[in-house]
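A.B. asks: Take a look at this one; I'll ask things after.
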Amino acid sequence: MTPFPAPNRLHVWWARRPLVASRAAVLASILPEGANRIAFKHALGIHGDPVRSAALIDRAKRTGIRVDDPYGYERAFKYSPSRQEMIDLAGDNREKTLVLDATAGGGAIPLEAVRLGFSAIGNDLNPIASLLQRASIEYPRRHGKVLVDEFSSVASDFRTRIGEVLREYVPQPNAPQEEATSFLWARTVVCPYCAGKVPLSPNWRLAPDGTGVRLTPNICKGPGDEQRQCSFEIVTSVQDQSTGTVAGGDGICPFPDCGRPIASDDIKRQALAGSMGDQLFTVVYKRQTITKTKTGKNKIKWIREFPLLLQMMTIKKRWKNCSLRRYLSGKRWMWCPSSASQRVARRTRRAVLG
Ligand SMILES: C[S@@+](CC[C@H](N)C(=O)[O-])C[C@H]1O[C@@H](n2cnc3c(N)ncnc32)[C@H](O)[C@@H]1O
Ligand SMILES: [Zn+2]
């Protein structure tokens with residue numbers, strides 16, 4: 001079982017259930033009490049003893065000695081039971097059984113119902129969830145592999161076009177070996193006690209290996225100086241990271257000569273008045289490296305990196321007054337160049353509706 005079912009990679013949705021747990025819930029609610037338990041587990045993709053595998057993983061964590069392939073079988077969510085396997089388990093008239101998920105969200109339940117050969121209705125009051133369900137369950141079922149090819153082509157076209165537009169604002173001097181991929185911004189509020197600009201984040205972790213951010217608050221002339229703001233530095237150990245500036249809805253002022261809590265009501269008041277700001281605190285880079293495989297062949301690997309202070313300053317300077325940034329801060333939704341988005345919409349419509 002995995003907490004990261006594959007549809008996560010297509011679109012994020014809240015509280016998505018793992019695919020295998022969803023499949024178990026669908027199957028168990030349909031099969032009779034006396035159904036074959038071994039066949040049930042096999043249909044879920046569990047083809048070994050997961051308890052033993054969990055024990056092996058635990059031991060590897062304790063001893064630091066890696067176990068190759070502790071499960072001994074393909075990840076369960078990748079397994080689709082064969083037609084015959086499902087006939088043996090649940091009969092030949094499965095499409096007559098209708099599974100309804102009235103609050104289907106990212107669609108794990110209807111997706112698994114359809115994968116098992118049942119009919120399904122996925123519903124959600126949110127139109128984005130509804131669109132997700134159509135795109136990831138209904139269209140692949142209706143159009144098959146042609147949709148995957150069309151999606152790959154449209155997505156790569158979109159990446160190229162958005163890259164062209166952003167290149168004007170985002171320095172990519174070392175492309176294609178090095179590419180800036182994500183720009184991480186923190187929303188800011190003004191501390192009501194010292195007038196400092198406070199970037200809000202529950203923690204400043206960037207990667208599990210200890211990479212994170214240390215805030216350097218510039219106190220200027222002291223409390224009341226409206227120029228007070230933080231600069232950001234990338235650090236490589238958890239101990240060097242700053243502590244979070246927001247917890248349970250309340251903020252914490254990071255300026256050492258203030259350090260007072262900022263009540264959630266103050267944060268809400270600034271948000272409602274439209275006076276929250278934002279600060280770019282880092283840019284994520286991908287760097288291409290070439291390693292050798294066991295057989296001596298070259299293998300391309302992308303390594304995630306964060307820029308040095310100097311690179312950050314160049315990026316910030318470019319962003320400060322650019323029209324794209326002003327456009328983005330006025331609109332709190334994803335932006336894409338209209339010609340590219342129209343083309344994407346046209347091609348998707350053509351692929352889906354013919
Ligand atoms: C926790 S999510 C479901 C996640 C889903 N089980 C999955 O694995 O992706 C709950 C969903 O219920 C939807 N919802 C809440 N109230 C609803 C209502 N009254 N009618 C329809 N959908 C509703 C929300 O929009 C949200 O997408
Ligand atoms: Zn303060």
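Ordering of the structure tokens sets the chain letters (A, B, ...), residue numbers begin anew at 1 in every chain, and ligands are numbered from 1 in the order given.
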Write out as JSON, numbers by chain each polymer residue (protein, DNA or RNA) that has an atom no more than 8 Å from ligand 2, with only C-alpha atoms and all ligand atoms counted.
C.D. replies: {"A": [190, 191, 192, 193, 194, 195, 196, 198, 223, 252, 253, 254, 255, 257, 258, 259, 260, 261, 262]}
A.B. asks: Could those selected residues go to a file with C-alpha atoms, as a short mmCIF file (atom, residue, chain, number, x, y, z; two decimals), in the first residue's frame?
C.D. replies:
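And here's again_5.cif as it stands now:
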data_model
loop_
_atom_site.label_atom_id
_atom_site.label_comp_id
_atom_site.auth_asym_id
_atom_site.auth_seq_id
_atom_site.Cartn_x
_atom_site.Cartn_y
_atom_site.Cartn_z
CA VAL A 190 3.38 43.40 9.36
CA CYS A 191 4.10 42.81 13.05
CA PRO A 192 1.63 45.08 14.89
CA TYR A 193 4.22 45.70 17.66
CA CYS A 194 7.48 46.44 15.82
CA ALA A 195 6.35 47.11 12.19
CA GLY A 196 8.70 44.35 10.89
CA VAL A 198 7.10 38.84 8.99
CA PRO A 223 10.96 48.71 16.54
CA ILE A 252 5.56 34.72 15.89
CA CYS A 253 7.63 37.81 15.17
CA PRO A 254 11.20 36.71 14.22
CA PHE A 255 12.85 40.08 15.01
CA ASP A 257 14.15 42.93 19.65
CA CYS A 258 10.43 42.06 19.46
CA GLY A 259 9.67 38.30 19.26
CA ARG A 260 6.02 38.79 20.22
CA PRO A 261 3.16 36.51 19.18
CA ILE A 262 0.92 37.92 16.46
#
A.B. asks: Would you give me, as CSV, each residue of chain A having an atom within 9 Å of an atom of ligand 1, along with its shortest atom pair and that distance in Å to one decimal, using only C-alpha atoms and all ligand atoms and sorting by chain and residue number?
C.D. replies:
residue,atom,partner,partner_atom_place_in_ligand_line,distance
A:Trp13,CA,ligand 1,9 (O),6.4
A:Trp14,CA,ligand 1,2 (S),5.9
A:Ala15,CA,ligand 1,1 (C),4.6
A:Arg16,CA,ligand 1,8 (O),3.5
A:Arg17,CA,ligand 1,8 (O),3.7
A:Pro18,CA,ligand 1,8 (O),6.7
A:Leu19,CA,ligand 1,8 (O),7.6
A:Ser22,CA,ligand 1,8 (O),7.3
A:Asp101,CA,ligand 1,6 (N),8.2
A:Ala102,CA,ligand 1,21 (C),5.8
A:Thr103,CA,ligand 1,12 (O),3.9
A:Ala104,CA,ligand 1,5 (C),4.8
A:Gly105,CA,ligand 1,27 (O),3.4
A:Gly106,CA,ligand 1,9 (O),3.3
A:Gly107,CA,ligand 1,9 (O),4.7
A:Ala108,CA,ligand 1,8 (O),4.3
A:Ile109,CA,ligand 1,8 (O),6.3
A:Asn123,CA,ligand 1,21 (C),6.2
A:Asp124,CA,ligand 1,22 (N),3.7
A:Leu125,CA,ligand 1,21 (C),4.1
A:Asn126,CA,ligand 1,25 (O),4.9
A:Pro127,CA,ligand 1,25 (O),8.5
A:Ile128,CA,ligand 1,27 (O),8.7
A:Ala129,CA,ligand 1,27 (O),5.9
A:Ser130,CA,ligand 1,27 (O),8.5
A.B. asks: Within 10 Å of region 269-278 of chain A, which residues of region 144-196 of chain A come that close, and what is the closest atom pair and distance in Å for each? Count only C-alpha atoms and give it as CSV.
C.D. replies:
residue,atom,partner,partner_atom,distance
A:Trp185,CA,A:Asp278,CA,6.3
A:Ala186,CA,A:Asp278,CA,5.5
A:Arg187,CA,A:Asp278,CA,4.3
A:Thr188,CA,A:Gly277,CA,4.8
A:Val189,CA,A:Met276,CA,5.2
A:Val190,CA,A:Met276,CA,7.7
A.B. asks: Please save N, CA and C atoms of the selected residues as an mmCIF file, in the first residue's frame.
C.D. replies:
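Contents of again_35.cif, as written:
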data_model
loop_
_atom_site.group_PDB
_atom_site.id
_atom_site.type_symbol
_atom_site.label_atom_id
_atom_site.label_comp_id
_atom_site.auth_asym_id
_atom_site.auth_seq_id
_atom_site.Cartn_x
_atom_site.Cartn_y
_atom_site.Cartn_z
ATOM 1 N N TRP A 185 7.561 31.212 -2.252
ATOM 2 C CA TRP A 185 7.218 32.509 -1.665
ATOM 3 C C TRP A 185 6.574 32.282 -0.305
ATOM 4 N N ALA A 186 6.814 33.226 0.614
ATOM 5 C CA ALA A 186 6.092 33.196 1.897
ATOM 6 C C ALA A 186 5.167 34.408 1.914
ATOM 7 N N ARG A 187 3.939 34.196 2.391
ATOM 8 C CA ARG A 187 3.061 35.360 2.597
ATOM 9 C C ARG A 187 3.605 36.132 3.791
ATOM 10 N N THR A 188 3.441 37.442 3.786
ATOM 11 C CA THR A 188 3.971 38.240 4.900
ATOM 12 C C THR A 188 2.876 39.080 5.542
ATOM 13 N N VAL A 189 3.050 39.308 6.856
ATOM 14 C CA VAL A 189 2.198 40.284 7.556
ATOM 15 C C VAL A 189 3.127 41.273 8.250
ATOM 16 N N VAL A 190 2.574 42.422 8.623
ATOM 17 C CA VAL A 190 3.379 43.395 9.358
ATOM 18 C C VAL A 190 3.147 43.145 10.845
#
A.B. asks: Please compute the CA of Lys221 (chain A)-CA of Pro256 (chain A) distance, one decimal, in Å.
C.D. replies: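 Spanning CA of Lys221 (chain A) to CA of Pro256 (chain A) is a straight-line distance of 12.9 Å.
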A.B. asks: Pull the strand (DSSP E) assignments for region 42-253 of chain A out of DSSP run on the backbone, and list those residues as a PyMOL selection string.
C.D. replies: chain A and resi 98-101+119-122+178-190+197-200+212-218+229-235+246-247+250-252
A.B. asks: Generate the output file for the selected residues, C-alpha atoms, as a short mmCIF file (atom, residue, chain, number, x, y, z; two decimals), in the first residue's frame.
C.D. replies:
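Result file follows (out19.cif):
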data_model
loop_
_atom_site.label_atom_id
_atom_site.label_comp_id
_atom_site.auth_asym_id
_atom_site.auth_seq_id
_atom_site.Cartn_x
_atom_site.Cartn_y
_atom_site.Cartn_z
CA LEU A 98 -23.00 0.50 -9.23
CA VAL A 99 -20.61 2.06 -6.70
CA LEU A 100 -21.55 5.58 -5.60
CA ASP A 101 -19.11 7.91 -3.86
CA SER A 119 -19.76 0.76 -12.67
CA ALA A 120 -19.24 3.91 -10.64
CA ILE A 121 -20.62 7.36 -10.02
CA GLY A 122 -18.23 9.92 -8.54
CA GLU A 178 20.60 23.58 -14.81
CA GLU A 179 16.98 24.73 -14.54
CA ALA A 180 15.11 26.79 -11.97
CA THR A 181 11.90 24.85 -11.40
CA SER A 182 10.05 26.30 -8.40
CA PHE A 183 9.87 29.68 -6.77
CA LEU A 184 9.00 29.48 -3.09
CA TRP A 185 7.22 32.51 -1.66
CA ALA A 186 6.09 33.20 1.90
CA ARG A 187 3.06 35.36 2.60
CA THR A 188 3.97 38.24 4.90
CA VAL A 189 2.20 40.28 7.56
CA VAL A 190 3.38 43.40 9.36
CA LYS A 197 7.70 42.42 7.80
CA VAL A 198 7.10 38.84 8.99
CA PRO A 199 7.31 35.97 6.44
CA LEU A 200 4.87 33.26 7.54
CA GLY A 212 16.37 24.52 5.06
CA VAL A 213 16.20 28.27 5.49
CA ARG A 214 17.62 30.56 8.15
CA LEU A 215 15.99 33.95 8.50
CA THR A 216 18.24 36.93 9.14
CA PRO A 217 16.02 39.68 10.51
CA ASN A 218 17.38 43.13 9.75
CA GLN A 229 12.53 42.80 6.94
CA CYS A 230 14.25 39.40 6.81
CA SER A 231 16.75 38.04 4.36
CA PHE A 232 17.08 34.30 3.78
CA GLU A 233 19.99 31.95 3.78
CA ILE A 234 20.08 28.29 2.80
CA VAL A 235 21.49 26.03 5.53
CA VAL A 246 3.32 30.59 12.37
CA ALA A 247 1.73 27.92 14.58
CA ASP A 250 -0.94 32.66 15.29
CA GLY A 251 2.27 34.26 14.04
CA ILE A 252 5.56 34.72 15.89
#
